[in-house]
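Visitor: Sharing work32.tsv (TSV, C-alpha atoms and all ligand atoms) below.
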chain	number	residue	atom	x	y	z
W	1435	MET	CA	18.61	57.84	35.16
W	1436	ILE	CA	18.25	58.51	38.88
W	1437	ALA	CA	15.31	56.70	40.46
W	1438	HIS	CA	14.03	59.61	42.51
W	1439	MET	CA	16.02	62.59	43.56
W	1440	THR	CA	14.96	63.96	46.92
W	1441	ILE	CA	14.14	67.62	46.50
W	1442	PRO	CA	14.70	69.42	49.84
W	1443	LYS	CA	11.38	70.22	51.53
W	1444	ASP	CA	12.64	73.70	52.39
W	1445	LEU	CA	13.17	74.44	48.73
W	1446	ILE	CA	9.66	73.28	47.82
W	1447	GLY	CA	8.31	75.53	50.58
W	1448	GLN	CA	10.26	78.52	49.25
W	1449	LEU	CA	9.00	77.86	45.72
W	1450	ALA	CA	5.42	77.32	46.83
W	1451	ARG	CA	5.48	80.76	48.50
W	1452	ALA	CA	7.33	82.52	45.67
W	1453	ARG	CA	5.57	85.30	43.81
W	1454	SER	CA	8.37	85.83	41.35
W	1455	VAL	CA	10.79	83.26	39.95
W	1456	ALA	CA	13.72	83.92	37.62
W	1457	VAL	CA	15.55	81.17	35.75
W	1458	LEU	CA	18.88	81.39	33.96
W	1459	THR	CA	19.65	78.52	31.59
W	1460	GLY	CA	22.86	77.63	29.80
W	1461	ALA	CA	24.10	75.11	27.27
W	1462	GLY	CA	23.75	72.24	29.81
W	1463	VAL	CA	19.94	72.37	29.53
W	1464	SER	CA	20.11	71.30	25.88
W	1465	VAL	CA	22.72	68.55	26.30
W	1466	GLU	CA	20.00	65.89	26.71
W	1467	SER	CA	18.51	67.08	23.40
W	1468	GLY	CA	21.80	66.22	21.70
W	1469	VAL	CA	23.07	69.81	21.43
W	1470	PRO	CA	26.56	69.77	22.96
W	1471	THR	CA	28.10	72.43	25.17
W	1472	PHE	CA	30.95	74.24	23.47
W	1473	ARG	CA	33.48	72.19	25.41
W	1474	ALA	CA	31.81	68.94	24.32
W	1475	ALA	CA	31.45	70.19	20.73
W	1476	GLN	CA	35.17	69.80	20.26
W	1477	THR	CA	34.73	66.34	18.79
W	1478	GLY	CA	34.26	64.82	15.34
W	1479	LEU	CA	34.43	67.09	12.36
W	1480	TRP	CA	35.07	70.20	14.44
W	1481	ALA	CA	37.56	68.68	16.89
W	1482	LYS	CA	40.47	70.76	15.67
W	1483	TYR	CA	38.64	74.06	16.25
W	1484	ASN	CA	37.97	75.78	19.51
W	1485	PRO	CA	34.35	77.02	19.25
W	1486	GLU	CA	35.26	80.06	21.33
W	1487	GLU	CA	37.72	81.01	18.60
W	1488	LEU	CA	35.03	80.60	15.94
W	1489	SER	CA	32.66	82.86	17.85
W	1490	THR	CA	34.25	86.29	17.50
W	1491	PRO	CA	33.94	89.11	14.95
W	1492	ARG	CA	37.70	88.74	14.40
W	1493	ALA	CA	37.31	85.07	13.46
W	1494	PHE	CA	34.52	86.00	11.02
W	1495	ARG	CA	36.61	88.71	9.38
W	1496	ARG	CA	39.56	86.33	9.09
W	1497	ASN	CA	37.64	83.34	7.75
W	1498	PRO	CA	33.92	84.03	7.14
W	1499	ARG	CA	33.40	80.74	5.28
W	1500	LEU	CA	34.70	78.66	8.19
W	1501	VAL	CA	32.57	80.51	10.75
W	1502	TRP	CA	29.45	80.34	8.56
W	1503	GLU	CA	29.95	76.60	8.06
W	1504	TRP	CA	30.41	75.97	11.79
W	1505	TYR	CA	27.11	77.75	12.53
W	1506	ALA	CA	25.41	75.97	9.61
W	1507	TRP	CA	26.42	72.70	11.31
W	1508	LEU	CA	25.03	73.95	14.65
W	1509	ARG	CA	21.82	75.18	12.96
W	1510	GLN	CA	21.27	71.77	11.41
W	1511	LEU	CA	21.90	70.04	14.75
W	1512	VAL	CA	19.43	72.36	16.48
W	1513	ALA	CA	16.79	71.86	13.75
W	1514	GLU	CA	16.96	68.10	14.26
W	1515	ALA	CA	16.95	68.32	18.08
W	1516	ARG	CA	13.79	67.99	20.20
W	1517	PRO	CA	13.09	69.77	23.48
W	1518	ASN	CA	13.90	67.49	26.44
W	1519	ALA	CA	12.27	66.94	29.83
W	1520	ALA	CA	14.04	70.01	31.25
W	1521	HIS	CA	12.68	72.38	28.58
W	1522	LEU	CA	9.20	70.87	29.02
W	1523	ALA	CA	9.27	71.18	32.82
W	1524	LEU	CA	10.28	74.85	32.56
W	1525	ALA	CA	7.41	75.50	30.14
W	1526	GLN	CA	5.05	74.02	32.78
W	1527	MET	CA	6.62	76.03	35.61
W	1528	GLU	CA	5.85	79.26	33.75
W	1529	LYS	CA	2.18	78.65	34.54
W	1530	LEU	CA	2.68	78.16	38.29
W	1531	PHE	CA	3.91	81.57	39.39
W	1532	PRO	CA	2.42	85.07	39.16
W	1533	GLU	CA	5.73	86.20	37.66
W	1534	PHE	CA	8.17	83.91	35.87
W	1535	ASN	CA	11.14	85.10	33.83
W	1536	LEU	CA	13.06	82.59	31.77
W	1537	ILE	CA	16.44	84.00	30.81
W	1538	THR	CA	18.58	81.90	28.47
W	1539	GLN	CA	22.10	82.02	27.12
W	1540	ASN	CA	21.10	79.35	24.62
W	1541	ILE	CA	20.71	80.13	20.97
W	1542	ASP	CA	18.74	77.04	20.00
W	1543	SER	CA	15.00	77.98	20.39
W	1544	LEU	CA	14.37	74.76	22.34
W	1545	HIS	CA	12.65	76.61	25.20
W	1546	GLN	CA	10.23	78.20	22.74
W	1547	ARG	CA	9.67	74.87	20.99
W	1548	ALA	CA	8.87	73.30	24.37
W	1549	GLY	CA	6.11	75.89	24.87
W	1550	SER	CA	7.77	78.64	26.91
W	1551	ARG	CA	6.03	81.78	25.74
W	1552	ASP	CA	8.30	84.57	26.88
W	1553	VAL	CA	12.02	83.77	26.68
W	1554	ILE	CA	14.62	86.43	27.36
W	1555	GLU	CA	17.40	85.56	24.90
W	1556	LEU	CA	20.73	87.02	26.00
W	1557	HIS	CA	22.89	85.54	23.26
W	1558	GLY	CA	20.59	85.78	20.23
W	1559	ASN	CA	19.33	82.87	18.18
W	1560	VAL	CA	21.13	80.74	15.65
W	1561	THR	CA	17.99	80.30	13.57
W	1562	ARG	CA	18.10	84.00	12.67
W	1563	THR	CA	20.55	85.64	10.27
W	1564	LYS	CA	21.73	89.22	10.13
W	1565	CYS	CA	23.95	91.48	8.05
W	1566	PHE	CA	27.46	91.76	9.48
W	1567	ASP	CA	27.80	95.39	8.32
W	1568	GLU	CA	24.30	96.77	8.94
W	1569	ASP	CA	23.44	94.68	12.02
W	1570	VAL	CA	19.85	94.13	10.84
W	1571	VAL	CA	18.02	90.81	10.69
W	1572	VAL	CA	17.61	89.45	7.16
W	1573	ALA	CA	14.77	86.98	6.53
W	1574	SER	CA	15.76	85.73	3.08
W	1575	TRP	CA	18.41	86.08	0.44
W	1576	PRO	CA	18.97	84.74	-3.07
W	1577	ASP	CA	20.73	81.37	-2.93
W	1578	ILE	CA	23.45	81.72	-5.55
W	1579	GLY	CA	25.99	79.55	-3.79
W	1580	ASP	CA	27.93	82.24	-1.88
W	1581	VAL	CA	29.30	81.06	1.48
W	1582	PRO	CA	28.49	83.04	3.51
W	1583	PRO	CA	25.57	84.42	1.51
W	1584	LYS	CA	25.42	88.14	0.81
W	1585	CYS	CA	23.02	90.70	2.25
W	1586	PRO	CA	20.24	91.42	-0.29
W	1587	HIS	CA	20.26	95.13	0.74
W	1588	CYS	CA	23.93	96.10	0.88
W	1589	GLY	CA	25.90	93.14	-0.49
W	1590	GLY	CA	27.75	92.73	2.84
W	1591	LEU	CA	28.30	89.32	4.40
W	1592	LEU	CA	25.52	87.55	6.32
W	1593	ARG	CA	26.19	86.01	9.75
W	1594	PRO	CA	24.15	84.27	12.45
W	1595	ASP	CA	22.19	86.59	14.77
W	1596	VAL	CA	24.04	85.43	17.88
W	1597	VAL	CA	26.17	87.34	20.35
W	1598	TRP	CA	29.83	86.55	19.84
W	1599	PHE	CA	32.59	86.89	22.41
W	1600	GLU	CA	33.75	90.54	22.46
W	1601	GLU	CA	30.25	91.74	21.44
W	1602	GLN	CA	27.61	93.56	23.49
W	1603	LEU	CA	24.52	91.72	24.68
W	1604	PRO	CA	21.17	93.05	23.41
W	1605	GLU	CA	20.40	95.95	25.76
W	1606	ALA	CA	16.66	95.38	26.23
W	1607	ALA	CA	17.11	91.67	27.00
W	1608	MET	CA	19.94	92.37	29.45
W	1609	GLU	CA	17.85	95.03	31.20
W	1610	ARG	CA	14.90	92.68	31.60
W	1611	ALA	CA	17.22	89.94	32.87
W	1612	ALA	CA	18.85	92.26	35.40
W	1613	THR	CA	15.47	93.49	36.71
W	1614	ALA	CA	14.10	89.95	36.93
W	1615	SER	CA	17.19	88.79	38.85
W	1616	ALA	CA	17.11	91.71	41.26
W	1617	THR	CA	13.40	91.39	42.07
W	1618	CYS	CA	12.74	87.64	42.18
W	1619	ASP	CA	12.06	85.56	45.30
W	1620	VAL	CA	13.73	82.45	43.88
W	1621	PHE	CA	16.45	82.28	41.24
W	1622	LEU	CA	17.33	79.02	39.45
W	1623	SER	CA	20.68	78.72	37.66
W	1624	ILE	CA	20.48	75.66	35.43
W	1625	GLY	CA	23.10	74.06	33.18
W	1626	THR	CA	25.40	77.02	33.04
W	1627	ALA	CA	29.05	77.14	34.05
W	1628	ALA	CA	28.36	80.66	35.36
W	1629	VAL	CA	31.59	82.02	33.94
W	1630	VAL	CA	30.55	83.99	30.83
W	1631	TYR	CA	29.81	87.59	31.82
W	1632	PRO	CA	27.59	89.56	32.02
W	1633	ALA	CA	25.08	86.67	32.30
W	1634	ALA	CA	27.24	85.07	35.01
W	1635	ALA	CA	26.64	88.11	37.23
W	1636	LEU	CA	22.87	87.52	37.40
W	1637	PRO	CA	22.88	84.86	40.16
W	1638	GLY	CA	25.06	87.20	42.25
W	1639	ASP	CA	22.56	90.03	41.71
W	1640	ALA	CA	19.77	87.75	42.91
W	1641	LEU	CA	21.77	86.75	46.00
W	1642	ARG	CA	22.54	90.37	46.86
W	1643	HIS	CA	18.84	91.25	46.67
W	1644	GLY	CA	17.90	88.43	49.03
W	1645	ALA	CA	16.56	85.81	46.63
W	1646	VAL	CA	16.87	82.11	47.36
W	1647	VAL	CA	19.38	80.86	44.78
W	1648	VAL	CA	19.28	77.30	43.47
W	1649	GLU	CA	21.81	75.64	41.19
W	1650	ILE	CA	21.06	72.61	39.02
W	1651	ASN	CA	24.17	71.15	37.38
W	1652	PRO	CA	25.97	67.80	37.42
W	1653	GLN	CA	29.27	69.66	37.98
W	1654	PRO	CA	30.30	72.32	40.48
W	1655	THR	CA	30.63	75.90	39.22
W	1656	PRO	CA	31.83	79.18	40.75
W	1657	LEU	CA	28.24	79.64	42.01
W	1658	THR	CA	28.01	76.31	43.86
W	1659	ASP	CA	29.46	77.51	47.17
W	1660	ARG	CA	27.20	80.59	47.26
W	1661	ALA	CA	23.91	78.94	46.25
W	1662	HIS	CA	21.34	78.14	48.98
W	1663	PHE	CA	20.42	74.85	47.31
W	1664	VAL	CA	22.52	72.76	44.95
W	1665	LEU	CA	20.74	69.97	43.07
W	1666	THR	CA	23.53	67.89	41.60
W	1667	GLY	CA	22.29	66.15	38.49
W	1668	SER	CA	21.23	66.63	34.91
W	1669	ALA	CA	18.55	69.19	34.16
W	1670	GLY	CA	16.39	66.60	32.39
W	1671	GLU	CA	16.26	64.49	35.54
W	1672	VAL	CA	16.11	67.13	38.25
W	1673	LEU	CA	13.55	69.55	36.78
W	1674	PRO	CA	10.72	67.02	36.29
W	1675	GLU	CA	11.32	65.89	39.91
W	1676	LEU	CA	11.14	69.48	41.09
W	1677	LEU	CA	7.92	70.02	39.16
W	1678	ARG	CA	6.40	66.83	40.59
W	1679	ALA	CA	7.37	67.81	44.14
W	1680	LEU	CA	5.87	71.26	43.59
W	1681	GLY	CA	2.67	69.75	42.26
W	1682	LYS	CA	2.23	67.83	45.49
W	1683	GLU	CA	2.34	71.02	47.58
W	1701	LIG	P1	28.30	76.70	29.70
W	1701	LIG	O1	29.72	76.39	30.06
W	1701	LIG	O2	27.65	77.81	30.36
W	1701	LIG	O3	27.38	75.37	29.96
W	1701	LIG	C1	27.86	74.18	30.25
W	1701	LIG	C2	27.39	73.80	31.66
W	1701	LIG	O4	26.36	72.84	31.55
W	1701	LIG	C3	28.49	73.19	32.52
W	1701	LIG	O5	28.52	73.77	33.80
W	1701	LIG	C4	28.09	71.70	32.61
W	1701	LIG	O6	28.48	71.09	33.83
W	1701	LIG	C5	26.58	71.82	32.51
W	1701	LIG	N1	25.91	70.62	32.05
W	1701	LIG	C6	26.34	69.66	31.21
W	1701	LIG	N2	25.40	68.73	31.01
W	1701	LIG	C7	24.33	69.11	31.75
W	1701	LIG	C8	23.03	68.56	31.97
W	1701	LIG	N3	22.63	67.44	31.36
W	1701	LIG	N4	22.18	69.22	32.79
W	1701	LIG	C9	22.56	70.37	33.40
W	1701	LIG	N5	23.78	70.93	33.25
W	1701	LIG	C10	24.65	70.30	32.43
W	1701	LIG	O7	28.14	76.82	28.18
W	1701	LIG	P2	29.22	76.81	26.96
W	1701	LIG	O8	29.14	75.50	26.28
W	1701	LIG	O9	30.55	77.35	27.41
W	1701	LIG	O10	28.54	77.87	26.04
W	1701	LIG	C11	28.92	79.21	25.99
W	1701	LIG	C12	27.91	79.98	25.17
W	1701	LIG	O11	27.84	79.39	23.86
W	1701	LIG	C13	26.49	79.87	25.67
W	1701	LIG	O12	26.23	80.83	26.63
W	1701	LIG	C14	25.67	80.01	24.39
W	1701	LIG	O13	25.54	81.34	24.03
W	1701	LIG	C15	26.51	79.28	23.39
W	1701	LIG	N6	26.07	77.86	23.25
W	1701	LIG	C16	24.74	77.60	23.09
W	1701	LIG	C17	24.30	76.29	22.98
W	1701	LIG	C18	22.82	76.06	22.81
W	1701	LIG	O14	22.10	76.99	22.43
W	1701	LIG	N7	22.30	74.86	23.09
W	1701	LIG	C19	25.22	75.23	23.02
W	1701	LIG	C20	26.60	75.52	23.18
W	1701	LIG	C21	26.99	76.86	23.30
What is this structure when it is put down as structure tokens?
Guide:
Amino acid sequence: MIAHMTIPKDLIGQLARARSVAVLTGAGVSVESGVPTFRAAQTGLWAKYNPEELSTPRAFRRNPRLVWEWYAWLRQLVAEARPNAAHLALAQMEKLFPEFNLITQNIDSLHQRAGSRDVIELHGNVTRTKCFDEDVVVASWPDIGDVPPKCPHCGGLLRPDVVWFEEQLPEAAMERAATASATCDVFLSIGTAAVVYPAAALPGDALRHGAVVVEINPQPTPLTDRAHFVLTGSAGEVLPELLRALGKE
């Protein structure tokens, strides 16, 4: 744990003046809750699988049981996880600005569980299930031991309601995210490698429209060289510091 990270005064000034703030979070924000990034998830039971190869419609067609079981493991992990200091700080920040848009690529509900009220989910949510054929959310199904279970309406296979590689992002969420990024005064990119499109384009949109762009990540990313401020560290350490510094303004 870092003792005290110095948050640049200029950044605090920019935030204190901001009317509209947009935040994009990625898997890194949930690492301190014990939910690994996909790269880090390649350990233990699932070490021999590449999660990116389990997260496609093709993979599901080829081996629906394997894909269902991988997401069942992730769902269990997420259910047992608790929001960390980063999620909690973001839930507090929502109250500080006239407009605050929290855009997430995470599928774990930890922002909502931390108290964030309006989360723009770009990649769906692993706690929801939908029909693979009909693409509609299914709330319950008879548990008769099928893996994956079958849709109670059409008998098709059920799958997690997440966006897989090669699939479209939900249009309404993407539209809101694009508008928020293009109209904000300050944009925070937190715990995301900024390589999975179209979400990875959002910081660039914010930059083009003149926003102050801030990156929070322990590792450099393709955004690092273009960001106005780079706070190198874990989200769970940096965000509470940022919130404290903002509170003193
Ligand atoms: P990613 O590569 O965007 O995120 C990993 C990033 O987090 C890296 O840049 C890494 O340096 C950074 N990071 C690691 N620890 C951090 C910390 N403590 N604080 C801040 N940053 C930290 O994500 P990915 O793993 O390639 O995931 C791809 C997609 O898979 C996601 O967009 C999401 O849809 C899904 N996914 C979701 C979760 C989740 O919901 N928690 C977890 C894994 C994957």
Visitor: Using all atoms listed in the file, which of W:Leu1556, W:Leu1636, W:Leu1676, W:Ala1452 sits nearest ligand LIG 1701 (chain W)?
Guide: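 Closest to ligand LIG 1701 (chain W), using all atoms listed in the file: W:Leu1556.
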Visitor: Applying 9 Å and only C-alpha atoms, which residues near Ala1640 of chain W remain after dropping the ones on its own chain fewer than 2 positions away? List them as a short mmCIF file (atom, residue, chain, number, x, y, z; two decimals) with C-alpha atoms, in the frame of the given file.
Guide:
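Final output, part30.cif:
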data_model
loop_
_atom_site.label_atom_id
_atom_site.label_comp_id
_atom_site.auth_asym_id
_atom_site.auth_seq_id
_atom_site.Cartn_x
_atom_site.Cartn_y
_atom_site.Cartn_z
CA ALA W 1456 13.72 83.92 37.62
CA ALA W 1612 18.85 92.26 35.40
CA ALA W 1614 14.10 89.95 36.93
CA SER W 1615 17.19 88.79 38.85
CA ALA W 1616 17.11 91.71 41.26
CA THR W 1617 13.40 91.39 42.07
CA CYS W 1618 12.74 87.64 42.18
CA ASP W 1619 12.06 85.56 45.30
CA VAL W 1620 13.73 82.45 43.88
CA PHE W 1621 16.45 82.28 41.24
CA ALA W 1635 26.64 88.11 37.23
CA LEU W 1636 22.87 87.52 37.40
CA PRO W 1637 22.88 84.86 40.16
CA GLY W 1638 25.06 87.20 42.25
CA ARG W 1642 22.54 90.37 46.86
CA HIS W 1643 18.84 91.25 46.67
CA GLY W 1644 17.90 88.43 49.03
CA ALA W 1645 16.56 85.81 46.63
CA VAL W 1646 16.87 82.11 47.36
CA VAL W 1647 19.38 80.86 44.78
#
Visitor: Would you pick out the contacts of segment 1573-1578 of chain W at 12 Å or less, using only C-alpha atoms, so that residues sharing its chain but fewer than 5 positions from it are not included, and give the list as an MDAnalysis selection string?
Guide: chainID W and resid 1561:1565 1583:1595
Visitor: Using all atoms listed in the file, which residues have at least one atom no more than 6 Å from ligand LIG 1701 (chain W)? Output them as a PDB file with C-alpha atoms, keeping the file's coordinate frame.
Guide:
ATOM      1  CA  GLY W1460      22.860  77.630  29.800  1.00  0.00           C
ATOM      2  CA  ALA W1461      24.100  75.110  27.270  1.00  0.00           C
ATOM      3  CA  GLY W1462      23.750  72.240  29.810  1.00  0.00           C
ATOM      4  CA  VAL W1463      19.940  72.370  29.530  1.00  0.00           C
ATOM      5  CA  SER W1464      20.110  71.300  25.880  1.00  0.00           C
ATOM      6  CA  VAL W1465      22.720  68.550  26.300  1.00  0.00           C
ATOM      7  CA  GLU W1466      20.000  65.890  26.710  1.00  0.00           C
ATOM      8  CA  VAL W1469      23.070  69.810  21.430  1.00  0.00           C
ATOM      9  CA  PRO W1470      26.560  69.770  22.960  1.00  0.00           C
ATOM     10  CA  THR W1471      28.100  72.430  25.170  1.00  0.00           C
ATOM     11  CA  PHE W1472      30.950  74.240  23.470  1.00  0.00           C
ATOM     12  CA  ARG W1473      33.480  72.190  25.410  1.00  0.00           C
ATOM     13  CA  GLN W1539      22.100  82.020  27.120  1.00  0.00           C
ATOM     14  CA  ASN W1540      21.100  79.350  24.620  1.00  0.00           C
ATOM     15  CA  ILE W1541      20.710  80.130  20.970  1.00  0.00           C
ATOM     16  CA  ASP W1542      18.740  77.040  20.000  1.00  0.00           C
ATOM     17  CA  HIS W1557      22.890  85.540  23.260  1.00  0.00           C
ATOM     18  CA  GLY W1625      23.100  74.060  33.180  1.00  0.00           C
ATOM     19  CA  THR W1626      25.400  77.020  33.040  1.00  0.00           C
ATOM     20  CA  ALA W1627      29.050  77.140  34.050  1.00  0.00           C
ATOM     21  CA  ALA W1628      28.360  80.660  35.360  1.00  0.00           C
ATOM     22  CA  ASN W1651      24.170  71.150  37.380  1.00  0.00           C
ATOM     23  CA  PRO W1652      25.970  67.800  37.420  1.00  0.00           C
ATOM     24  CA  GLN W1653      29.270  69.660  37.980  1.00  0.00           C
ATOM     25  CA  SER W1668      21.230  66.630  34.910  1.00  0.00           C
ATOM     26  CA  ALA W1669      18.550  69.190  34.160  1.00  0.00           C
TER      27      ALA W1669
END
Visitor: Residues at most 9 Å from Leu1665 of chain W, counting all atoms listed in the file, excluding those fewer than 2 positions away in the same chain, as a count of residues only?
Guide: 11
Visitor: Under the rule that all atoms listed in the file are counted, which of W:Tyr1631, W:Glu1555, W:Gly1549, W:Leu1641 is the nearest residue to Ala1606 of chain W?
Guide: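 So, comparing all the options, the nearest one is W:Glu1555.
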Visitor: Identify the residues around (36.6, 77.8, 19.8) within a radius of 12 Å, measuring from only C-alpha atoms in the coordinates stated by the file, and give them as a PyMOL selection string.
Guide: chain W and resi 1471-1477+1480-1490+1493+1500-1501+1504-1505+1598-1599
Visitor: Atom CA of Gln1602 of chain W and atom CA of Gly1558 of chain W, how far apart in Å?
Guide: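 Computed distance, atom CA of Gly1558 of chain W to atom CA of Gln1602 of chain W, equals 11.0 Å.
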Visitor: Ranking W:Val1597, W:Val1629, W:Ala1515, W:Val1560 by minimum distance to Leu1544 of chain W and counting all atoms listed in the file, which one comes first?
Guide: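 Closest residue, counting all atoms listed in the file: W:Ala1515.
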Visitor: Which of these residues is nearest to Arg1451 of chain W, using all atoms listed in the file: W:Leu1508, W:Leu1530, W:Ile1624, W:Leu1677?
Guide: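 So, comparing all the options, the nearest one is W:Leu1530.
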Visitor: Between W:Pro1674, W:Ala1679, W:Phe1566, W:Pro1604, single out the one closest to Gln1526 of chain W, counting all atoms listed in the file.
Guide: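 For Gln1526 of chain W, the nearest of the given residues is W:Pro1674.
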Visitor: Interatomic distance between atom CA of Val1581 of chain W and atom CA of Asn1497 of chain W?
Guide: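 About the pair atom CA of Val1581 of chain W and atom CA of Asn1497 of chain W: they are 10.7 Å apart.
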Visitor: In Å, rounded to a single decimal, give me how far atom CA of Val1457 of chain W is from atom CA of Ser1623 of chain W.
Guide: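 Interatomic distance here is 6.0 Å.
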Visitor: Calculated over all atoms listed in the file, which of the candidates W:Leu1622, W:Val1512, W:Ala1525, W:Met1608 has the smallest distance to Ser1454 of chain W?
Guide: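 So, comparing all the options, the nearest one is W:Leu1622.
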Visitor: If we count only C-alpha atoms, what is near Ala1611 of chain W at a cut-off of 8 Å, once residues fewer than 6 positions away on the same chain are taken out, given as a PyMOL selection string?
Guide: chain W and resi 1535+1537+1554+1636
